[in-house]
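To be precise, the following lines are coords_16.cif, and they hold mmCIF, C-alpha atoms; chains and numbers go by the auth columns.
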```
data_coords
#
loop_
_atom_site.group_PDB
_atom_site.id
_atom_site.type_symbol
_atom_site.label_atom_id
_atom_site.label_comp_id
_atom_site.label_asym_id
_atom_site.label_seq_id
_atom_site.Cartn_x
_atom_site.Cartn_y
_atom_site.Cartn_z
_atom_site.B_iso_or_equiv
_atom_site.auth_seq_id
_atom_site.auth_asym_id
ATOM 1 C CA ALA A 1 -72.269 -62.558 66.940 0.00 1 I
ATOM 2 C CA GLN A 2 -72.385 -65.533 64.631 0.00 2 I
ATOM 3 C CA ARG A 3 -70.709 -68.830 65.305 0.00 3 I
ATOM 4 C CA VAL A 4 -70.269 -72.087 63.387 0.00 4 I
ATOM 5 C CA THR A 5 -69.371 -75.339 65.079 0.00 5 I
ATOM 6 C CA GLN A 6 -68.181 -78.529 63.452 0.00 6 I
ATOM 7 C CA PRO A 7 -67.855 -80.997 66.309 0.00 7 I
ATOM 8 C CA GLU A 8 -65.873 -83.639 64.439 0.00 8 I
ATOM 9 C CA LYS A 9 -62.281 -82.894 63.505 0.00 9 I
ATOM 10 C CA LEU A 10 -61.882 -86.218 61.728 0.00 10 I
ATOM 11 C CA LEU A 11 -64.302 -88.633 60.120 0.00 11 I
ATOM 12 C CA SER A 12 -62.953 -91.905 58.831 0.00 12 I
ATOM 13 C CA VAL A 13 -65.259 -94.101 56.770 0.00 13 I
ATOM 14 C CA PHE A 14 -64.946 -96.975 54.351 0.00 14 I
ATOM 15 C CA LYS A 15 -65.682 -96.531 50.668 0.00 15 I
ATOM 16 C CA GLY A 16 -69.365 -97.049 50.012 0.00 16 I
ATOM 17 C CA ALA A 17 -70.424 -96.205 53.547 0.00 17 I
ATOM 18 C CA PRO A 18 -72.602 -93.197 54.355 0.00 18 I
ATOM 19 C CA VAL A 19 -70.962 -90.087 55.702 0.00 19 I
ATOM 20 C CA GLU A 20 -72.504 -87.216 57.634 0.00 20 I
ATOM 21 C CA LEU A 21 -70.619 -84.104 58.640 0.00 21 I
ATOM 22 C CA LYS A 22 -72.247 -82.101 61.378 0.00 22 I
ATOM 23 C CA CYS A 23 -72.521 -78.343 61.378 0.00 23 I
ATOM 24 C CA ASN A 24 -74.329 -76.221 63.931 0.00 24 I
ATOM 25 C CA TYR A 25 -74.586 -72.481 63.907 0.00 25 I
ATOM 26 C CA SER A 26 -75.718 -69.617 66.059 0.00 26 I
ATOM 27 C CA TYR A 27 -76.944 -66.434 64.484 0.00 27 I
ATOM 28 C CA SER A 28 -79.755 -64.122 65.441 0.00 28 I
ATOM 29 C CA GLY A 29 -80.773 -63.276 61.889 0.00 29 I
ATOM 30 C CA SER A 30 -81.693 -65.357 58.862 0.00 30 I
ATOM 31 C CA PRO A 31 -78.553 -67.287 57.944 0.00 31 I
ATOM 32 C CA GLU A 32 -77.124 -68.310 54.636 0.00 32 I
ATOM 33 C CA LEU A 33 -75.109 -71.476 54.957 0.00 33 I
ATOM 34 C CA PHE A 34 -72.442 -72.979 52.755 0.00 34 I
ATOM 35 C CA TRP A 35 -70.221 -75.997 52.622 0.00 35 I
ATOM 36 C CA TYR A 36 -66.710 -75.549 51.268 0.00 36 I
ATOM 37 C CA VAL A 37 -64.317 -78.361 50.412 0.00 37 I
ATOM 38 C CA GLN A 38 -60.537 -78.250 50.261 0.00 38 I
ATOM 39 C CA TYR A 39 -58.831 -81.150 48.532 0.00 39 I
ATOM 40 C CA SER A 40 -55.176 -81.797 49.237 0.00 40 I
ATOM 41 C CA ARG A 41 -53.028 -78.866 48.072 0.00 41 I
ATOM 42 C CA GLN A 42 -55.987 -77.122 46.457 0.00 42 I
ATOM 43 C CA ARG A 43 -57.968 -74.019 47.216 0.00 43 I
ATOM 44 C CA LEU A 44 -61.223 -73.760 49.105 0.00 44 I
ATOM 45 C CA GLN A 45 -64.057 -74.551 46.708 0.00 45 I
ATOM 46 C CA LEU A 46 -67.727 -73.977 47.187 0.00 46 I
ATOM 47 C CA LEU A 47 -69.499 -77.305 47.430 0.00 47 I
ATOM 48 C CA LEU A 48 -73.051 -76.431 48.411 0.00 48 I
ATOM 49 C CA ARG A 49 -75.168 -73.487 49.404 0.00 49 I
ATOM 50 C CA HIS A 50 -78.389 -73.970 51.281 0.00 50 I
ATOM 51 C CA ILE A 51 -80.330 -71.560 49.117 0.00 51 I
ATOM 52 C CA SER A 52 -79.880 -73.787 46.070 0.00 52 I
ATOM 53 C CA ARG A 53 -81.092 -77.020 47.653 0.00 53 I
ATOM 54 C CA GLU A 54 -78.880 -78.822 45.188 0.00 54 I
ATOM 55 C CA SER A 55 -76.899 -82.041 45.216 0.00 55 I
ATOM 56 C CA ILE A 56 -73.271 -81.761 44.214 0.00 56 I
ATOM 57 C CA LYS A 57 -71.008 -84.806 43.854 0.00 57 I
ATOM 58 C CA GLY A 58 -73.697 -86.796 45.669 0.00 58 I
ATOM 59 C CA PHE A 59 -73.638 -84.488 48.706 0.00 59 I
ATOM 60 C CA THR A 60 -76.740 -82.848 50.117 0.00 60 I
ATOM 61 C CA ALA A 61 -77.302 -80.559 53.061 0.00 61 I
ATOM 62 C CA ASP A 62 -80.521 -79.389 54.627 0.00 62 I
ATOM 63 C CA LEU A 63 -80.885 -76.280 56.693 0.00 63 I
ATOM 64 C CA ASN A 64 -82.763 -77.051 59.894 0.00 64 I
ATOM 65 C CA LYS A 65 -83.584 -73.755 61.534 0.00 65 I
ATOM 66 C CA GLY A 66 -85.188 -75.438 64.532 0.00 66 I
ATOM 67 C CA GLU A 67 -81.998 -77.299 65.344 0.00 67 I
ATOM 68 C CA THR A 68 -79.758 -74.580 63.870 0.00 68 I
ATOM 69 C CA SER A 69 -77.966 -77.207 61.843 0.00 69 I
ATOM 70 C CA PHE A 70 -76.726 -77.658 58.288 0.00 70 I
ATOM 71 C CA HIS A 71 -75.357 -81.165 58.207 0.00 71 I
ATOM 72 C CA LEU A 72 -73.683 -82.487 55.055 0.00 72 I
ATOM 73 C CA LYS A 73 -74.522 -85.995 53.933 0.00 73 I
ATOM 74 C CA LYS A 74 -73.543 -88.468 51.275 0.00 74 I
ATOM 75 C CA PRO A 75 -75.034 -91.939 51.141 0.00 75 I
ATOM 76 C CA PHE A 76 -72.046 -93.679 49.547 0.00 76 I
ATOM 77 C CA ALA A 77 -68.621 -92.163 50.184 0.00 77 I
ATOM 78 C CA GLN A 78 -65.923 -92.414 47.517 0.00 78 I
ATOM 79 C CA GLU A 79 -62.165 -92.258 47.962 0.00 79 I
ATOM 80 C CA GLU A 80 -62.060 -88.983 46.060 0.00 80 I
ATOM 81 C CA ASP A 81 -64.240 -87.439 48.769 0.00 81 I
ATOM 82 C CA SER A 82 -61.254 -87.433 51.120 0.00 82 I
ATOM 83 C CA ALA A 83 -60.705 -83.756 51.917 0.00 83 I
ATOM 84 C CA MET A 84 -61.249 -81.017 54.477 0.00 84 I
ATOM 85 C CA TYR A 85 -64.809 -79.779 54.679 0.00 85 I
ATOM 86 C CA TYR A 86 -65.755 -76.414 56.115 0.00 86 I
ATOM 87 C CA CYS A 87 -69.201 -75.198 57.012 0.00 87 I
ATOM 88 C CA ALA A 88 -69.605 -71.429 56.703 0.00 88 I
ATOM 89 C CA LEU A 89 -72.269 -68.870 57.496 0.00 89 I
ATOM 90 C CA ARG A 90 -72.787 -65.624 55.630 0.00 90 I
ATOM 91 C CA ALA A 91 -74.169 -62.879 57.797 0.00 91 I
ATOM 92 C CA ALA A 92 -75.028 -59.325 56.945 0.00 92 I
ATOM 93 C CA GLY A 93 -72.063 -57.656 55.321 0.00 93 I
ATOM 94 C CA ASN A 94 -71.104 -60.686 53.268 0.00 94 I
ATOM 95 C CA LYS A 95 -68.240 -61.928 55.410 0.00 95 I
ATOM 96 C CA LEU A 96 -68.088 -65.660 55.972 0.00 96 I
ATOM 97 C CA THR A 97 -67.757 -67.200 59.398 0.00 97 I
ATOM 98 C CA PHE A 98 -66.207 -70.655 59.187 0.00 98 I
ATOM 99 C CA GLY A 99 -66.373 -73.700 61.367 0.00 99 I
ATOM 100 C CA GLY A 100 -63.196 -75.442 62.386 0.00 100 I
ATOM 101 C CA GLY A 101 -63.389 -77.963 59.585 0.00 101 I
ATOM 102 C CA THR A 102 -63.779 -81.719 59.413 0.00 102 I
ATOM 103 C CA ARG A 103 -61.216 -83.919 57.756 0.00 103 I
ATOM 104 C CA VAL A 104 -62.857 -86.789 55.909 0.00 104 I
ATOM 105 C CA LEU A 105 -60.809 -89.859 55.178 0.00 105 I
ATOM 106 C CA VAL A 106 -62.412 -92.470 52.948 0.00 106 I
ATOM 107 C CA LYS A 107 -60.638 -95.784 53.189 0.00 107 I
ATOM 108 C CA PRO A 108 -60.696 -98.339 50.360 0.00 108 I
ATOM 109 C CA GLU B 1 -62.988 -70.951 34.187 0.00 109 E
ATOM 110 C CA PRO B 2 -61.722 -67.723 35.779 0.00 110 E
ATOM 111 C CA GLU B 3 -59.963 -68.062 39.122 0.00 111 E
ATOM 112 C CA VAL B 4 -58.648 -65.876 41.877 0.00 112 E
ATOM 113 C CA THR B 5 -54.862 -65.897 41.877 0.00 113 E
ATOM 114 C CA GLN B 6 -52.453 -65.042 44.676 0.00 114 E
ATOM 115 C CA THR B 7 -48.742 -64.346 44.792 0.00 115 E
ATOM 116 C CA PRO B 8 -46.425 -65.403 46.219 0.00 116 E
ATOM 117 C CA SER B 9 -47.448 -68.897 47.233 0.00 117 E
ATOM 118 C CA HIS B 10 -45.013 -68.783 50.137 0.00 118 E
ATOM 119 C CA GLN B 11 -43.399 -65.751 51.783 0.00 119 E
ATOM 120 C CA VAL B 12 -40.753 -65.964 54.459 0.00 120 E
ATOM 121 C CA THR B 13 -39.879 -62.788 56.314 0.00 121 E
ATOM 122 C CA GLN B 14 -38.140 -61.564 59.415 0.00 122 E
ATOM 123 C CA MET B 15 -40.137 -60.221 62.325 0.00 123 E
ATOM 124 C CA GLY B 16 -40.622 -56.488 61.993 0.00 124 E
ATOM 125 C CA GLN B 17 -40.430 -56.469 58.201 0.00 125 E
ATOM 126 C CA GLU B 18 -43.203 -55.297 55.933 0.00 126 E
ATOM 127 C CA VAL B 19 -44.882 -57.749 53.590 0.00 127 E
ATOM 128 C CA ILE B 20 -47.319 -57.277 50.763 0.00 128 E
ATOM 129 C CA LEU B 21 -49.517 -60.149 49.710 0.00 129 E
ATOM 130 C CA ARG B 22 -51.025 -59.864 46.277 0.00 130 E
ATOM 131 C CA CYS B 23 -54.274 -61.090 44.840 0.00 131 E
ATOM 132 C CA VAL B 24 -55.889 -60.817 41.455 0.00 132 E
ATOM 133 C CA PRO B 25 -59.643 -61.296 41.902 0.00 133 E
ATOM 134 C CA ILE B 26 -61.912 -62.519 39.137 0.00 134 E
ATOM 135 C CA SER B 27 -62.142 -59.669 36.687 0.00 135 E
ATOM 136 C CA ASN B 28 -65.791 -58.653 36.919 0.00 136 E
ATOM 137 C CA HIS B 29 -66.072 -59.135 40.658 0.00 137 E
ATOM 138 C CA LEU B 30 -66.851 -56.225 42.927 0.00 138 E
ATOM 139 C CA TYR B 31 -66.400 -57.462 46.489 0.00 139 E
ATOM 140 C CA PHE B 32 -63.036 -58.538 47.817 0.00 140 E
ATOM 141 C CA TYR B 33 -61.978 -60.224 51.013 0.00 141 E
ATOM 142 C CA TRP B 34 -58.975 -61.353 52.965 0.00 142 E
ATOM 143 C CA TYR B 35 -59.092 -64.276 55.364 0.00 143 E
ATOM 144 C CA ARG B 36 -56.357 -65.993 57.272 0.00 144 E
ATOM 145 C CA GLN B 37 -55.875 -69.428 58.771 0.00 145 E
ATOM 146 C CA ILE B 38 -53.301 -70.002 61.453 0.00 146 E
ATOM 147 C CA LEU B 39 -52.072 -73.592 61.370 0.00 147 E
ATOM 148 C CA GLY B 40 -54.590 -75.867 63.050 0.00 148 E
ATOM 149 C CA GLN B 41 -57.153 -73.121 63.544 0.00 149 E
ATOM 150 C CA LYS B 42 -60.243 -71.796 61.817 0.00 150 E
ATOM 151 C CA VAL B 43 -60.356 -69.702 58.694 0.00 151 E
ATOM 152 C CA GLU B 44 -60.909 -66.173 60.041 0.00 152 E
ATOM 153 C CA PHE B 45 -62.277 -63.118 58.295 0.00 153 E
ATOM 154 C CA LEU B 46 -59.925 -60.134 58.173 0.00 154 E
ATOM 155 C CA VAL B 47 -61.438 -57.498 55.928 0.00 155 E
ATOM 156 C CA SER B 48 -63.890 -56.851 53.122 0.00 156 E
ATOM 157 C CA PHE B 49 -63.487 -54.222 50.441 0.00 157 E
ATOM 158 C CA TYR B 50 -66.026 -52.715 48.095 0.00 158 E
ATOM 159 C CA ASN B 51 -66.129 -49.628 45.951 0.00 159 E
ATOM 160 C CA ASN B 52 -62.544 -48.771 46.834 0.00 160 E
ATOM 161 C CA GLU B 53 -63.008 -48.747 50.546 0.00 161 E
ATOM 162 C CA ILE B 54 -63.092 -51.089 53.477 0.00 162 E
ATOM 163 C CA SER B 55 -66.656 -52.176 54.164 0.00 163 E
ATOM 164 C CA GLU B 56 -65.960 -54.310 57.217 0.00 164 E
ATOM 165 C CA LYS B 57 -62.967 -55.415 59.230 0.00 165 E
ATOM 166 C CA SER B 58 -62.402 -57.774 62.110 0.00 166 E
ATOM 167 C CA GLU B 59 -60.641 -57.171 65.408 0.00 167 E
ATOM 168 C CA ILE B 60 -57.594 -58.886 63.930 0.00 168 E
ATOM 169 C CA PHE B 61 -57.290 -56.182 61.274 0.00 169 E
ATOM 170 C CA ASP B 62 -55.509 -53.589 63.358 0.00 170 E
ATOM 171 C CA ASP B 63 -53.356 -50.647 62.326 0.00 171 E
ATOM 172 C CA GLN B 64 -50.594 -52.959 61.167 0.00 172 E
ATOM 173 C CA PHE B 65 -52.801 -54.135 58.304 0.00 173 E
ATOM 174 C CA SER B 66 -53.932 -52.267 55.242 0.00 174 E
ATOM 175 C CA VAL B 67 -55.550 -53.158 51.942 0.00 175 E
ATOM 176 C CA GLU B 68 -55.419 -51.509 48.594 0.00 176 E
ATOM 177 C CA ARG B 69 -56.680 -51.947 45.076 0.00 177 E
ATOM 178 C CA PRO B 70 -53.999 -49.963 43.324 0.00 178 E
ATOM 179 C CA ASP B 71 -54.785 -50.544 39.677 0.00 179 E
ATOM 180 C CA GLY B 72 -58.211 -52.053 39.154 0.00 180 E
ATOM 181 C CA SER B 73 -56.954 -55.614 38.984 0.00 181 E
ATOM 182 C CA ASN B 74 -54.703 -56.252 41.976 0.00 182 E
ATOM 183 C CA PHE B 75 -55.928 -56.376 45.552 0.00 183 E
ATOM 184 C CA THR B 76 -53.173 -56.261 48.149 0.00 184 E
ATOM 185 C CA LEU B 77 -52.837 -56.890 51.848 0.00 185 E
ATOM 186 C CA LYS B 78 -49.965 -55.137 53.565 0.00 186 E
ATOM 187 C CA ILE B 79 -48.647 -55.980 56.997 0.00 187 E
ATOM 188 C CA ARG B 80 -46.399 -53.131 58.118 0.00 188 E
ATOM 189 C CA SER B 81 -44.362 -54.742 60.846 0.00 189 E
ATOM 190 C CA THR B 82 -44.833 -58.481 60.952 0.00 190 E
ATOM 191 C CA LYS B 83 -45.037 -60.416 64.189 0.00 191 E
ATOM 192 C CA LEU B 84 -44.461 -64.092 64.788 0.00 192 E
ATOM 193 C CA GLU B 85 -48.185 -64.569 65.292 0.00 193 E
ATOM 194 C CA ASP B 86 -48.880 -63.290 61.778 0.00 194 E
ATOM 195 C CA SER B 87 -47.591 -66.592 60.434 0.00 195 E
ATOM 196 C CA ALA B 88 -50.585 -68.130 58.663 0.00 196 E
ATOM 197 C CA MET B 89 -52.176 -68.916 55.343 0.00 197 E
ATOM 198 C CA TYR B 90 -53.770 -65.820 53.876 0.00 198 E
ATOM 199 C CA PHE B 91 -56.649 -66.306 51.477 0.00 199 E
ATOM 200 C CA CYS B 92 -58.080 -63.765 49.120 0.00 200 E
ATOM 201 C CA ALA B 93 -61.673 -64.134 47.948 0.00 201 E
ATOM 202 C CA SER B 94 -63.986 -62.279 45.626 0.00 202 E
ATOM 203 C CA ILE B 95 -67.593 -62.259 44.555 0.00 203 E
ATOM 204 C CA GLY B 96 -69.499 -60.523 41.821 0.00 204 E
ATOM 205 C CA LEU B 97 -72.711 -59.693 43.574 0.00 205 E
ATOM 206 C CA ALA B 98 -73.702 -59.562 47.190 0.00 206 E
ATOM 207 C CA GLY B 99 -76.158 -62.190 48.214 0.00 207 E
ATOM 208 C CA PRO B 100 -76.414 -65.902 48.776 0.00 208 E
ATOM 209 C CA LEU B 101 -73.561 -66.799 46.471 0.00 209 E
ATOM 210 C CA GLY B 102 -70.414 -68.367 47.758 0.00 210 E
ATOM 211 C CA GLN B 103 -67.173 -66.484 47.568 0.00 211 E
ATOM 212 C CA PHE B 104 -64.425 -67.619 45.202 0.00 212 E
ATOM 213 C CA PHE B 105 -61.138 -68.228 46.968 0.00 213 E
ATOM 214 C CA GLY B 106 -57.563 -67.964 45.843 0.00 214 E
ATOM 215 C CA PRO B 107 -55.036 -70.700 46.590 0.00 215 E
ATOM 216 C CA GLY B 108 -53.565 -68.794 49.511 0.00 216 E
ATOM 217 C CA THR B 109 -50.199 -67.381 50.486 0.00 217 E
ATOM 218 C CA ARG B 110 -48.336 -69.061 53.286 0.00 218 E
ATOM 219 C CA LEU B 111 -46.634 -66.393 55.360 0.00 219 E
ATOM 220 C CA THR B 112 -43.857 -67.496 57.685 0.00 220 E
ATOM 221 C CA VAL B 113 -42.473 -64.905 60.095 0.00 221 E
ATOM 222 C CA LEU B 114 -39.139 -65.816 61.664 0.00 222 E
#
```
Taking this structure as input, can you express it in the form of structure tokens?
Amino acid sequence: AQRVTQPEKLLSVFKGAPVELKCNYSYSGSPELFWYVQYSRQRLQLLLRHISRESIKGFTADLNKGETSFHLKKPFAQEEDSAMYYCALRAAGNKLTFGGGTRVLVKP
Amino acid sequence: EPEVTQTPSHQVTQMGQEVILRCVPISNHLYFYWYRQILGQKVEFLVSFYNNEISEKSEIFDDQFSVERPDGSNFTLKIRSTKLEDSAMYFCASIGLAGPLGQFFGPGTRLTVL
């Protein structure tokens, strides 16, 4: 069975500081990993997918199969980055397995 | 940009009543999902639906739950006899093609069972 762990429930950083959200997974097959973001009173939105190796809103995430991790990073946090962030794994069958989420609070 | 929509945004019901949560997926999408999130807990997969049938369901999705795509646009989740523990946010999601693409989520329906 697949599992996604986000060890931090809350990350509080100052504007301009780096932020890293940890995500670890367990899955016996070849995983597809995603980061979703949920801004206040808004829906879950796809932020990043590992297959694209893209940078969105300054965020990047690298899949490390050796460490079974998919940490999300941004070098300079902005106040508008304050949100809930969910790491998710897509296994066979397309369903998503989510981590518990990390609330990011960027202070001015 | 097309979006998944869900109605109602908030549903309050008495324990033992039936509720139907409605979703309109993005029009050319083929795969549909329901997830739920109990307050303070993880987003959990309930069921996936493709080609007019359930393709996968979780342990949570017992006989009290059913899904339907009655008219080619709506995708509904029915809970026959609600329990207090069914109180949660219910999210609908859809995707056009299987594969490494993220699912598109609706805004959710908050279900409160009294």
Determine, using only C-alpha atoms, which residues of chain I have any atom at most 7 Å from an atom of chain E, and tabulate each with its shortest atom pair and distance in Å to one decimal place, rows ordered by chain and then rising number, as a tab-separated table.
```
residue	atom	partner	partner_atom	distance
I:Glu32	CA	E:Pro208	CA	6.4
I:Gln42	CA	E:Pro215	CA	6.5
I:Arg43	CA	E:Pro215	CA	4.5
I:Leu44	CA	E:Phe213	CA	5.9
I:Gln45	CA	E:Phe213	CA	7.0
I:Leu46	CA	E:Gly210	CA	6.2
I:Ile51	CA	E:Pro208	CA	6.9
I:Asn94	CA	E:Ala206	CA	6.7
I:Lys95	CA	E:Phe153	CA	6.7
I:Leu96	CA	E:Phe153	CA	6.8
I:Thr97	CA	E:Phe153	CA	6.9
I:Phe98	CA	E:Val151	CA	5.9
I:Gly99	CA	E:Lys150	CA	6.4
I:Gly100	CA	E:Lys150	CA	4.7
```
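Each of I:Trp35, I:Val13, I:Thr5, I:Leu89 was checked against I:Pro75 using all atoms listed in the file; the smallest atom-to-atom distance is that of I:Val13.
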Could you work out an axis-aligned bounding box for all listed atoms of stretch 1-20 of chain I, with 3 Å added on each of the six sides, and give its centre and edge lengths in Å to one decimal, as AutoDock Vina command-line options?
```
--center_x -67.2 --center_y -79.8 --center_z 58.5 --size_x 16.7 --size_y 40.5 --size_z 22.9
```
Practice problem: Can you turn the PyMOL selection byres ((chain I and resi 57) around 12) into a concrete residue list for this file, as a list of chain:residue names? | Solution: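 Applied to this file, the PyMOL selection byres ((chain I and resi 57) around 12) returns I:Val37, I:Leu46, I:Leu47, I:Leu48, I:Glu54, I:Ser55, I:Ile56, I:Gly58, I:Phe59, I:Thr60, I:Ala61, I:Leu72, I:Lys73, I:Lys74, I:Pro75, I:Phe76, I:Ala77, I:Gln78, I:Glu80, I:Asp81.
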Quiz prompt | Selection near stretch 177-185 of chain E, 6 Å with all atoms listed in the file, sequence-local residues under 4 positions removed, as a ChimeraX atom specification | solution = /E:128-132
Exercise. May I ask for the distance between atom CA of I:Gln2 and atom CA of I:Gly93, given in Å to one decimal place?
Key: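 Taking atom CA of I:Gln2 as the start and atom CA of I:Gly93 as the end point, the length is 12.2 Å.
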Quiz item: If you count all atoms listed in the file, which residues fall within 7 Å of I:Arg103, apart from same-chain ones fewer than 4 positions away, as JSON, numbers by chain?
Solution: {"I": [9, 10, 11, 83, 84, 85]}
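The coordinates place atom CA of I:His71 at 5.6 Å from atom CA of I:Leu21.
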Quiz item: What is the atom CA of E:Glu126-atom CA of I:Gln38 distance in Å, reported with one decimal?
Solution: 29.3 Å
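The shortest atom-to-atom distance to E:Glu111, with only C-alpha atoms taken into account, belongs to E:Cys200 out of E:Ile162, E:Leu192, E:Cys200, E:Val221.
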Practice problem: Given the file shown, enumerate the residues that the PyMOL selection byres ((chain I and resi 1) around 8) captures and present them as a list in words. | Solution: Gln2, Arg3, Ser26, Tyr27 and Ser28 of chain I
Quiz prompt | Proximity to I:Ala91 - best of I:Gly29, I:Glu67, I:Lys15, I:Lys22, all atoms listed in the file | solution =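 When distances to I:Ala91 are compared using all atoms listed in the file, the smallest one comes from I:Gly29.
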Quiz prompt | Target residues per the PyMOL selection byres ((chain E and resi 172) around 6), formatted as a list in words | solution = Asp170, Asp171, Phe173, Ile187 and Arg188 of chain E
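Distance check against E:Ser117 using all atoms listed in the file: of E:Tyr198, E:Ser174, E:Gln145, E:Asn136, the minimum falls on E:Tyr198.
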Quiz item: Which residue out of E:Thr115, E:Ser202, E:Asn160, E:Gln125 has the minimum interatomic distance to E:Ser189 when all atoms listed in the file are used?
Solution: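 Checking each of E:Thr115, E:Ser202, E:Asn160, E:Gln125 against E:Ser189, counting all atoms listed in the file, the winner is E:Gln125.
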Counting all atoms listed in the file, what is within 6 Å of I:Arg49, bar same-chain residues fewer than 3 positions away, as a tab-separated table (two decimals) with C-alpha atoms, in the coordinates of the input?
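File written: out-v8.tsv
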```tsv
chain	number	residue	atom	x	y	z
I	33	LEU	CA	-75.11	-71.48	54.96
I	34	PHE	CA	-72.44	-72.98	52.76
I	52	SER	CA	-79.88	-73.79	46.07
```
